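Text of the file work-v9.cif, holding mmCIF, C-alpha atoms:
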```cif
data_protein
#
loop_
_atom_site.label_atom_id
_atom_site.label_comp_id
_atom_site.auth_asym_id
_atom_site.auth_seq_id
_atom_site.Cartn_x
_atom_site.Cartn_y
_atom_site.Cartn_z
CA MET A 1 3.27 -8.47 7.99
CA ALA A 2 2.54 -6.02 10.80
CA GLU A 3 3.64 -8.56 13.40
CA LYS A 4 6.82 -9.25 11.47
CA SER A 5 7.67 -5.56 11.54
CA HIS A 6 7.71 -5.74 15.34
CA SER A 7 9.75 -8.94 15.53
CA PHE A 8 12.64 -8.42 13.12
CA ALA A 9 14.39 -5.67 11.17
CA ARG A 10 17.43 -5.63 8.93
CA ILE A 11 19.16 -2.23 8.90
CA VAL A 12 21.91 -1.58 6.37
CA PHE A 13 24.54 1.11 6.95
CA CYS A 14 26.20 1.90 3.65
CA ASP A 15 29.49 3.77 3.36
CA SER A 16 32.35 3.90 0.90
CA GLY A 17 34.81 2.83 3.58
CA LEU A 18 34.52 2.28 7.32
CA GLY A 19 33.16 5.58 8.62
CA GLY A 20 29.65 4.17 8.56
CA LEU A 21 30.60 1.79 11.36
CA ASP A 22 30.49 4.76 13.72
CA VAL A 23 26.93 5.58 12.66
CA ALA A 24 25.91 1.93 13.03
CA ALA A 25 27.43 1.89 16.51
CA ASN A 26 25.41 4.99 17.38
CA PHE A 27 22.25 3.20 16.25
CA ILE A 28 23.00 0.19 18.45
CA SER A 29 23.86 2.39 21.42
CA ARG A 30 20.73 4.51 21.04
CA PHE A 31 18.26 1.68 20.51
CA ARG A 32 19.82 -1.16 22.51
CA ASP A 33 17.19 -0.89 25.25
CA CYS A 34 14.33 0.92 23.52
CA CYS A 35 13.77 -0.50 20.05
CA ARG A 36 10.52 -1.19 18.20
CA VAL A 37 11.70 -4.65 17.13
CA LYS A 38 12.69 -7.75 19.07
CA GLU A 39 15.56 -8.66 16.76
CA ALA A 40 17.79 -6.32 14.77
CA GLU A 41 20.31 -7.42 12.18
CA ILE A 42 22.85 -4.69 11.45
CA ILE A 43 24.64 -4.96 8.12
CA CYS A 44 27.52 -2.59 7.45
CA PHE A 45 27.96 -2.46 3.67
CA ASN A 46 31.34 -1.23 2.46
CA ALA A 47 30.61 0.25 -0.96
CA TRP A 48 34.28 0.83 -1.85
CA PRO A 49 34.23 -0.16 -5.53
CA ARG A 50 37.70 -1.58 -6.25
CA PRO A 51 41.02 -2.08 -4.44
CA GLY A 52 42.69 1.33 -4.36
CA VAL A 53 39.77 3.04 -6.10
CA GLY A 54 37.04 4.58 -3.97
CA PHE A 55 34.15 6.77 -5.10
CA ASN A 56 36.37 9.84 -4.95
CA GLN A 57 38.85 8.26 -7.35
CA LEU A 58 36.24 7.46 -10.00
CA PRO A 59 36.69 9.72 -13.04
CA ASP A 60 33.35 11.52 -13.30
CA LEU A 61 29.85 11.87 -11.94
CA GLU A 62 28.27 9.37 -14.31
CA THR A 63 30.77 6.68 -13.31
CA LYS A 64 30.08 7.37 -9.63
CA LEU A 65 26.33 7.11 -10.19
CA ALA A 66 26.76 3.89 -12.18
CA ALA A 67 28.74 2.38 -9.31
CA LEU A 68 26.15 3.53 -6.80
CA ARG A 69 23.31 1.96 -8.80
CA GLN A 70 25.10 -1.38 -8.65
CA VAL A 71 25.71 -0.97 -4.92
CA ASN A 72 22.01 -0.27 -4.43
CA GLY A 73 21.10 -3.33 -6.46
CA ALA A 74 23.16 -5.47 -4.13
CA ILE A 75 21.62 -3.82 -1.08
CA ALA A 76 18.11 -4.39 -2.44
CA GLU A 77 18.80 -8.13 -2.55
CA LEU A 78 19.30 -8.01 1.23
CA GLU A 79 15.64 -6.93 1.61
CA PRO A 80 16.44 -4.20 4.14
CA SER A 81 13.90 -2.64 6.47
CA LEU A 82 15.96 0.56 6.33
CA VAL A 83 19.11 1.74 4.56
CA VAL A 84 21.15 4.49 6.21
CA TYR A 85 23.66 6.05 3.83
CA ALA A 86 26.22 6.70 6.54
CA CYS A 87 28.46 8.51 4.08
CA ASN A 88 28.39 12.17 3.06
CA THR A 89 29.93 11.37 -0.32
CA ILE A 90 27.17 8.94 -1.26
CA SER A 91 24.53 11.17 0.32
CA THR A 92 25.51 14.06 -1.96
CA LEU A 93 25.46 11.74 -4.99
CA LEU A 94 21.89 10.77 -4.11
CA ALA A 95 20.71 14.36 -3.68
CA ASP A 96 19.55 14.93 -7.27
CA GLY A 97 17.39 11.82 -7.38
CA ASN A 98 19.30 10.23 -10.26
CA VAL A 99 19.63 6.90 -8.43
CA ALA A 100 16.56 4.80 -7.60
CA LEU A 101 16.00 3.99 -3.93
CA PRO A 102 13.69 0.95 -3.75
CA PHE A 103 13.77 0.80 0.05
CA PRO A 104 13.26 3.16 3.02
CA THR A 105 16.31 5.42 3.37
CA GLU A 106 18.02 8.03 5.48
CA THR A 107 21.05 10.03 4.36
CA MET A 108 23.46 12.34 6.14
CA LEU A 109 22.17 15.47 4.41
CA ASP A 110 19.38 16.65 6.70
CA ALA A 111 21.15 15.82 9.96
CA ALA A 112 24.35 17.53 8.84
CA THR A 113 22.57 20.61 7.48
CA GLU A 114 20.58 21.02 10.70
CA LEU A 115 23.72 20.68 12.84
CA LEU A 116 25.66 23.21 10.76
CA ALA A 117 22.77 25.67 10.79
CA ASP A 118 22.34 25.31 14.54
CA GLY A 119 26.05 25.95 15.03
CA LEU A 120 25.85 29.15 13.00
CA ARG A 121 22.78 30.35 14.91
CA LYS A 122 24.49 29.79 18.25
CA ASN A 123 27.79 31.32 17.11
CA PRO A 124 26.92 34.24 14.83
CA GLU A 125 30.46 35.63 14.94
CA ALA A 126 32.15 32.34 13.95
CA SER A 127 33.33 31.15 10.56
CA LEU A 128 32.28 27.73 9.31
CA LEU A 129 34.61 25.32 7.53
CA ILE A 130 32.81 22.29 6.08
CA CYS A 131 35.33 19.47 5.74
CA GLY A 132 34.57 16.45 3.58
CA THR A 133 35.81 14.33 0.73
CA ALA A 134 36.56 15.87 -2.64
CA THR A 135 33.17 14.74 -3.97
CA THR A 136 31.30 16.29 -1.05
CA ALA A 137 33.20 19.59 -1.23
CA GLN A 138 32.94 19.85 -5.01
CA SER A 139 29.18 19.44 -4.83
CA GLY A 140 28.92 22.55 -2.64
CA LEU A 141 25.69 21.05 -1.40
CA TYR A 142 25.97 21.96 2.26
CA SER A 143 26.85 25.58 1.50
CA LYS A 144 23.92 25.82 -0.91
CA ARG A 145 21.56 24.43 1.71
CA LEU A 146 22.81 26.88 4.31
CA PHE A 147 22.50 29.82 1.91
CA GLN A 148 18.94 28.75 1.13
CA ASN A 149 18.23 28.82 4.87
CA GLY A 150 19.31 32.42 5.33
CA PHE A 151 23.03 32.14 6.03
CA ALA A 152 24.24 33.72 2.78
CA ASP A 153 25.98 36.54 4.63
CA ARG A 154 28.09 34.24 6.81
CA LYS A 155 31.70 33.22 6.36
CA ILE A 156 31.30 29.68 5.05
CA ALA A 157 33.74 27.57 3.06
CA GLU A 158 33.92 23.93 1.99
CA LEU A 159 37.21 22.06 1.99
CA GLY A 160 37.91 18.80 0.21
CA CYS A 161 40.34 16.60 2.12
CA PRO A 162 41.57 14.01 -0.41
CA GLY A 163 42.92 10.86 1.18
CA LEU A 164 42.25 11.92 4.77
CA ALA A 165 39.54 9.32 5.37
CA THR A 166 41.84 6.54 4.19
CA GLN A 167 44.70 7.72 6.38
CA ILE A 168 42.36 7.90 9.37
CA GLU A 169 41.32 4.28 8.76
CA TYR A 170 44.95 3.21 9.09
CA ALA A 171 45.98 5.43 12.00
CA PRO A 172 43.46 7.99 13.34
CA CYS A 173 46.14 9.91 15.24
CA GLY A 174 49.12 8.98 13.09
CA ALA A 175 51.82 11.26 11.73
CA MET A 176 50.20 11.54 8.30
CA VAL A 177 46.87 12.64 9.80
CA HIS A 178 48.77 15.21 11.90
CA ARG A 179 50.44 16.65 8.80
CA MET A 180 47.28 16.70 6.72
CA LEU A 181 45.22 18.44 9.39
CA ARG A 182 47.92 21.02 10.03
CA HIS A 183 48.00 21.77 6.31
CA TYR A 184 44.22 22.18 6.22
CA ALA A 185 44.33 24.36 9.35
CA ARG A 186 46.82 26.71 7.71
CA GLN A 187 44.60 26.92 4.63
CA ALA A 188 41.61 27.75 6.81
CA ALA A 189 43.56 30.43 8.70
CA GLU A 190 44.62 32.03 5.42
CA HIS A 191 41.03 32.02 4.23
CA PHE A 192 39.28 33.18 7.41
CA GLY A 193 42.05 35.05 9.21
CA GLY A 194 41.66 33.33 12.58
CA GLY A 195 38.99 34.07 15.18
CA LYS A 196 36.27 31.60 16.13
CA LEU A 197 35.84 28.53 13.95
CA LEU A 198 33.13 25.95 13.53
CA LEU A 199 34.42 22.73 11.95
CA GLY A 200 31.79 20.67 10.16
CA LEU A 201 33.02 17.08 10.04
CA CYS A 202 31.07 16.09 6.95
CA CYS A 203 32.72 12.74 6.40
CA THR A 204 31.71 9.96 8.75
CA HIS A 205 35.38 8.97 9.17
CA PHE A 206 36.50 12.31 10.53
CA GLY A 207 35.28 11.82 14.09
CA TYR A 208 37.70 8.92 14.58
CA THR A 209 40.60 11.33 15.11
CA ASP A 210 40.80 13.77 18.01
CA LEU A 211 43.49 15.91 16.39
CA TRP A 212 41.15 18.55 14.95
CA GLN A 213 41.14 20.68 18.08
CA SER A 214 44.91 20.67 18.58
CA GLU A 215 45.84 21.34 14.96
CA PHE A 216 43.21 23.98 14.19
CA GLY A 217 43.62 25.45 17.66
CA ARG A 218 47.07 26.64 16.59
CA PHE A 219 45.45 29.15 14.26
CA PHE A 220 42.01 29.93 15.73
CA ASP A 221 40.89 31.35 19.08
CA THR A 222 38.22 28.69 19.56
CA VAL A 223 37.39 25.56 17.57
CA THR A 224 33.99 23.88 17.83
CA LEU A 225 33.49 20.49 16.20
CA LEU A 226 30.17 19.69 14.52
CA ASN A 227 29.89 15.95 13.87
CA PRO A 228 26.50 14.76 12.52
CA ASN A 229 27.17 11.03 13.06
CA ALA A 230 24.93 10.95 16.13
CA GLY A 231 22.35 13.39 14.78
CA VAL A 232 21.39 11.17 11.87
CA ILE A 233 20.40 8.46 14.38
CA GLU A 234 18.40 10.91 16.46
CA LYS A 235 16.35 11.66 13.35
CA LEU A 236 15.27 8.00 13.37
CA LEU A 237 14.02 8.19 16.95
CA PRO A 238 10.29 8.62 16.23
CA SER A 239 10.07 5.57 13.98
CA TRP A 240 12.50 3.21 15.73
CA GLN A 241 12.03 3.82 19.43
CA GLY A 242 9.96 1.17 21.19
CA LYS A 243 9.54 -1.12 24.17
CA TYR A 244 11.90 -3.98 23.27
CA THR A 245 15.46 -4.83 24.22
CA PRO A 246 16.37 -6.45 20.92
CA ARG A 247 18.71 -9.29 20.13
CA ILE A 248 21.33 -7.55 18.00
CA THR A 249 23.65 -9.14 15.47
CA ALA A 250 26.05 -7.36 13.15
CA LYS A 251 28.18 -8.14 10.13
CA LEU A 252 30.39 -6.24 7.74
CA LEU A 253 30.16 -6.94 4.01
CA SER A 254 32.92 -5.75 1.69
CA ARG A 255 33.98 -6.30 -1.89
CA VAL A 256 37.56 -5.28 -1.07
CA GLU A 257 39.88 -6.68 1.55
CA ILE A 258 39.98 -4.79 4.85
CA ALA A 259 43.55 -4.56 6.08
CA GLY A 260 44.40 -5.80 9.54
CA GLU A 261 45.89 -2.38 10.37
CA LYS A 262 42.46 -0.82 9.83
CA GLN A 263 40.76 -3.42 11.97
CA ASN A 264 43.23 -2.84 14.80
CA ALA A 265 42.99 0.94 14.51
CA LEU A 266 39.20 1.24 14.54
CA ALA A 267 37.85 -1.71 16.55
CA PRO A 268 38.66 -0.05 19.92
CA PHE A 269 36.22 2.77 19.07
CA PHE A 270 33.34 0.31 19.37
CA ALA A 271 34.53 -2.09 22.07
CA THR A 272 32.33 -0.60 24.80
CA ARG A 273 29.61 1.29 22.94
CA ALA A 274 28.81 -1.41 20.37
CA PRO A 275 30.95 -4.55 20.70
CA GLU A 276 28.89 -6.15 17.94
CA ILE A 277 30.43 -3.68 15.49
CA ALA A 278 33.94 -4.32 16.80
CA GLU A 279 33.45 -8.06 16.29
CA ALA A 280 32.07 -7.54 12.78
CA LEU A 281 35.09 -5.41 11.88
CA ARG A 282 37.43 -8.10 13.19
CA ALA A 283 35.75 -10.72 10.98
CA PRO A 284 34.54 -8.99 7.79
CA ILE A 285 32.75 -11.00 5.12
CA ARG A 286 34.56 -10.41 1.86
CA ASP A 287 32.73 -11.12 -1.39
CA LYS A 288 34.43 -10.10 -4.63
CA ASN A 289 31.04 -10.45 -6.33
CA LEU A 290 29.15 -8.36 -3.82
CA PHE A 291 28.35 -6.03 -6.69
CA THR A 292 29.57 -6.09 -10.25
CA PHE A 293 31.19 -2.70 -10.82
#
```
Hey, can you dump this file as structure tokens for me?
Amino acid sequence: MAEKSHSFARIVFCDSGLGGLDVAANFISRFRDCCRVKEAEIICFNAWPRPGVGFNQLPDLETKLAALRQVNGAIAELEPSLVVYACNTISTLLADGNVALPFPTETMLDAATELLADGLRKNPEASLLICGTATTAQSGLYSKRLFQNGFADRKIAELGCPGLATQIEYAPCGAMVHRMLRHYARQAAEHFGGGKLLLGLCCTHFGYTDLWQSEFGRFFDTVTLLNPNAGVIEKLLPSWQGKYTPRITAKLLSRVEIAGEKQNALAPFFATRAPEIAEALRAPIRDKNLFTF
């Protein structure tokens, strides 16, 4: 068994959508030449429950947890060496321990909290806007964690951005994303009154668009982006760094169809850094019975 652990690993990156591909690409880029295993199979698991209905469209917490339990059952059948929940929405749903995790896991929570806290320490005069999905913002989890770590006197707000992740999947710098970000920027300016702003990108999709600076820069003196998609991989460094240059394969599993527009929009993000992910996105494996929700 010990020898097997050094020869092969199957790492699953789970997201409700395609933001987790960015985290998977960061893993490949970081460990391409310094991994502890000789062969790494990367599985990107799209946990989007139904066509047109993601986790944020499910009616209540219990329904979301029920869907997540079925997702985890399907992941368990893959016998993963590690599951990275490359999704802030799912990570917040897991926070209370109401869903069993029968495999080694990493979520976005610690990496994101550490990045946000570090940003506040380095910029004591700045406001912090934590942007995420409706589920992430409604949980208030990141604010609570920051308050527990001594930042209760800071200007911190969480903003749910319904539909933004989906629009980014279709066109990261499209007109709809422009309009949505400008709307959110105005809201933030009304709340904070301008000045220096830290923007916590607490949805793994949000780093695909480079419009944050231009849109929020209309209302704030300086805008600093805090994207934890790389930090969550750095947290894995002690246990995954090693002497091997592994053979890497990747595939994308999805219960729902992935539109060609999304493939064309996002594949270029990985073409150089992790071409394995780009190829997996171009040829997703669709299984309507991937899980039963």
So that I can see what lies close to His205 of chain A, please list as a list in words the residues with an atom at most 9 Å from it, counting all atoms listed in the file and leaving out residues fewer than 4 positions away in the same chain.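 Using all atoms listed in the file, the neighbours found are Gly17, Leu18, Gly19, Gly20, Leu21, Asp22, Cys87, Leu164, Ala165, Thr166, Ile168, Glu169, Leu201 and Thr209 of chain A.
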Same residues, C-alpha atoms, output as a PDB file, in the frame of the given file:
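Here's the written file part_2.pdb:
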```
ATOM      1  CA  GLY A  17      34.810   2.830   3.580  1.00  0.00           C
ATOM      2  CA  LEU A  18      34.520   2.280   7.320  1.00  0.00           C
ATOM      3  CA  GLY A  19      33.160   5.580   8.620  1.00  0.00           C
ATOM      4  CA  GLY A  20      29.650   4.170   8.560  1.00  0.00           C
ATOM      5  CA  LEU A  21      30.600   1.790  11.360  1.00  0.00           C
ATOM      6  CA  ASP A  22      30.490   4.760  13.720  1.00  0.00           C
ATOM      7  CA  CYS A  87      28.460   8.510   4.080  1.00  0.00           C
ATOM      8  CA  LEU A 164      42.250  11.920   4.770  1.00  0.00           C
ATOM      9  CA  ALA A 165      39.540   9.320   5.370  1.00  0.00           C
ATOM     10  CA  THR A 166      41.840   6.540   4.190  1.00  0.00           C
ATOM     11  CA  ILE A 168      42.360   7.900   9.370  1.00  0.00           C
ATOM     12  CA  GLU A 169      41.320   4.280   8.760  1.00  0.00           C
ATOM     13  CA  LEU A 201      33.020  17.080  10.040  1.00  0.00           C
ATOM     14  CA  THR A 209      40.600  11.330  15.110  1.00  0.00           C
TER      15      THR A 209
END
```
Residues returned when the PyMOL selection byres ((chain A and resi 26-28) around 12) runs on this file, as a ChimeraX atom specification: /A:11-13,19-25,29-35,39-44,84,86,204,228-237,240-241,245-250,269-270,272-278
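One distance worth recording is that between atom CA of Arg36 of chain A and atom CA of Phe103 of chain A, which is 18.5 Å.
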Contact residues around Cys173 of chain A with all atoms listed in the file at 12 Å, ignoring same-chain residues under 2 positions, as a list in words: Leu164, Ala165, Gln167, Ile168, Glu169, Tyr170, Ala171, Ala175, Met176, Val177, His178, Arg179, Met180, Leu181, Phe206, Gly207, Tyr208, Thr209, Asp210, Leu211, Trp212, Ser214, Glu215, Ala265 and Leu266 of chain A
Once the PyMOL selection byres ((chain A and resi 117) around 12) is applied to the coordinates I shared, what remains selected? I want it as a ChimeraX atom specification. /A:110-116,118-124,126-128,130,142-152,154,156,198,200,226,228
Give me the residues within 10 Å of Leu197 of chain A as a list in words, counting only C-alpha atoms and dropping any in the same chain fewer than 5 places off.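 Using only C-alpha atoms, the neighbours found are Asn123, Glu125, Ala126, Ser127, Leu128, Leu129, Lys155, Ala188, Ala189, Phe192, Phe216, Gly217, Phe219, Phe220, Asp221, Thr222, Val223, Thr224 and Leu225 of chain A.
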Selection file, C-alpha atoms, as a short mmCIF file (atom, residue, chain, number, x, y, z; two decimals), in the frame of the given file:
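In the end it all went to again.cif:
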```cif
data_model
loop_
_atom_site.label_atom_id
_atom_site.label_comp_id
_atom_site.auth_asym_id
_atom_site.auth_seq_id
_atom_site.Cartn_x
_atom_site.Cartn_y
_atom_site.Cartn_z
CA ASN A 123 27.79 31.32 17.11
CA GLU A 125 30.46 35.63 14.94
CA ALA A 126 32.15 32.34 13.95
CA SER A 127 33.33 31.15 10.56
CA LEU A 128 32.28 27.73 9.31
CA LEU A 129 34.61 25.32 7.53
CA LYS A 155 31.70 33.22 6.36
CA ALA A 188 41.61 27.75 6.81
CA ALA A 189 43.56 30.43 8.70
CA PHE A 192 39.28 33.18 7.41
CA PHE A 216 43.21 23.98 14.19
CA GLY A 217 43.62 25.45 17.66
CA PHE A 219 45.45 29.15 14.26
CA PHE A 220 42.01 29.93 15.73
CA ASP A 221 40.89 31.35 19.08
CA THR A 222 38.22 28.69 19.56
CA VAL A 223 37.39 25.56 17.57
CA THR A 224 33.99 23.88 17.83
CA LEU A 225 33.49 20.49 16.20
#
```
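From atom CA of Leu253 of chain A back to atom CA of Ala267 of chain A, the distance works out to 15.6 Å.
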Check the smallest atom-to-atom distance from each of A:Leu61, A:Ala76, A:Leu252, A:Ala67 to Thr136 of chain A using all atoms listed in the file, then report the winner.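 Of A:Leu61, A:Ala76, A:Leu252, A:Ala67, the one nearest Thr136 of chain A, counting all atoms listed in the file, is A:Leu61.
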Explicit residue set for the PyMOL selection byres ((chain A and resi 258) around 12), as a PyMOL selection string: chain A and resi 17-18+46+48+50-52+166+169-170+252-257+259-266+280-287
Just the selected residues (C-alpha atoms), exported as a compact mmCIF listing (two decimals), in the frame of the given file, please.
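What ended up in part19.txt:
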```txt
# COMPACT_ATOMS: atom_id res chain seq x y z
CA GLY A 17 34.81 2.83 3.58
CA LEU A 18 34.52 2.28 7.32
CA ASN A 46 31.34 -1.23 2.46
CA TRP A 48 34.28 0.83 -1.85
CA ARG A 50 37.70 -1.58 -6.25
CA PRO A 51 41.02 -2.08 -4.44
CA GLY A 52 42.69 1.33 -4.36
CA THR A 166 41.84 6.54 4.19
CA GLU A 169 41.32 4.28 8.76
CA TYR A 170 44.95 3.21 9.09
CA LEU A 252 30.39 -6.24 7.74
CA LEU A 253 30.16 -6.94 4.01
CA SER A 254 32.92 -5.75 1.69
CA ARG A 255 33.98 -6.30 -1.89
CA VAL A 256 37.56 -5.28 -1.07
CA GLU A 257 39.88 -6.68 1.55
CA ALA A 259 43.55 -4.56 6.08
CA GLY A 260 44.40 -5.80 9.54
CA GLU A 261 45.89 -2.38 10.37
CA LYS A 262 42.46 -0.82 9.83
CA GLN A 263 40.76 -3.42 11.97
CA ASN A 264 43.23 -2.84 14.80
CA ALA A 265 42.99 0.94 14.51
CA LEU A 266 39.20 1.24 14.54
CA ALA A 280 32.07 -7.54 12.78
CA LEU A 281 35.09 -5.41 11.88
CA ARG A 282 37.43 -8.10 13.19
CA ALA A 283 35.75 -10.72 10.98
CA PRO A 284 34.54 -8.99 7.79
CA ILE A 285 32.75 -11.00 5.12
CA ARG A 286 34.56 -10.41 1.86
CA ASP A 287 32.73 -11.12 -1.39
```
Gap from atom CA of Ala100 of chain A to atom CA of Pro49 of chain A - Å, one decimal: 18.5 Å
Which of these, A:Glu77, A:Ala134, A:Lys196, A:Ser239, has the shortest distance to Asp60 of chain A once you count all atoms listed in the file? A:Ala134
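Residue nearest Ala9 of chain A, chosen from A:Ala47, A:Ile75, A:Glu62, A:Leu82 and counting all atoms listed in the file: A:Leu82.
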In terms of the shortest atom-to-atom distance over all atoms listed in the file, which of A:Thr135, A:Thr292, A:Asn227, A:Ser91 is closest to Phe55 of chain A? A:Thr135
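With all atoms listed in the file as the atoms that count, the minimum distance from Arg69 of chain A to the choices A:Val99, A:Ser139, A:Ile90, A:Arg218 is reached by A:Val99.
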Repaired coordinates for segment 202-216 of chain A (N, CA and C atoms) as a tab-separated table (two decimals), in the frame of the given file:
```tsv
chain	number	residue	atom	x	y	z
A	202	CYS	N	32.04	16.67	7.89
A	202	CYS	CA	31.07	16.09	6.95
A	202	CYS	C	31.67	14.94	6.14
A	203	CYS	N	32.32	14.08	6.85
A	203	CYS	CA	32.72	12.74	6.40
A	203	CYS	C	32.63	11.88	7.64
A	204	THR	N	31.97	10.74	7.54
A	204	THR	CA	31.71	9.96	8.75
A	204	THR	C	32.99	9.39	9.36
A	205	HIS	N	34.10	9.41	8.62
A	205	HIS	CA	35.38	8.97	9.17
A	205	HIS	C	36.00	9.99	10.12
A	206	PHE	N	35.68	11.26	9.94
A	206	PHE	CA	36.50	12.31	10.53
A	206	PHE	C	36.44	12.36	12.05
A	207	GLY	N	35.38	11.83	12.64
A	207	GLY	CA	35.28	11.82	14.09
A	207	GLY	C	36.18	10.80	14.77
A	208	TYR	N	36.80	9.92	13.99
A	208	TYR	CA	37.70	8.92	14.58
A	208	TYR	C	38.99	9.54	15.13
A	209	THR	N	39.38	10.69	14.62
A	209	THR	CA	40.60	11.33	15.11
A	209	THR	C	40.25	12.50	16.03
A	210	ASP	N	41.02	12.65	17.08
A	210	ASP	CA	40.80	13.77	18.01
A	210	ASP	C	41.84	14.87	17.84
A	211	LEU	N	42.44	14.92	16.65
A	211	LEU	CA	43.49	15.91	16.39
A	211	LEU	C	42.97	17.24	15.85
A	212	TRP	N	41.69	17.32	15.53
A	212	TRP	CA	41.15	18.55	14.95
A	212	TRP	C	41.37	19.75	15.87
A	213	GLN	N	41.03	19.56	17.14
A	213	GLN	CA	41.14	20.68	18.08
A	213	GLN	C	42.58	21.17	18.20
A	214	SER	N	43.53	20.25	18.36
A	214	SER	CA	44.91	20.67	18.58
A	214	SER	C	45.51	21.33	17.35
A	215	GLU	N	45.23	20.78	16.17
A	215	GLU	CA	45.84	21.34	14.96
A	215	GLU	C	45.19	22.67	14.56
A	216	PHE	N	43.88	22.73	14.56
A	216	PHE	CA	43.21	23.98	14.19
A	216	PHE	C	43.31	25.01	15.31
```
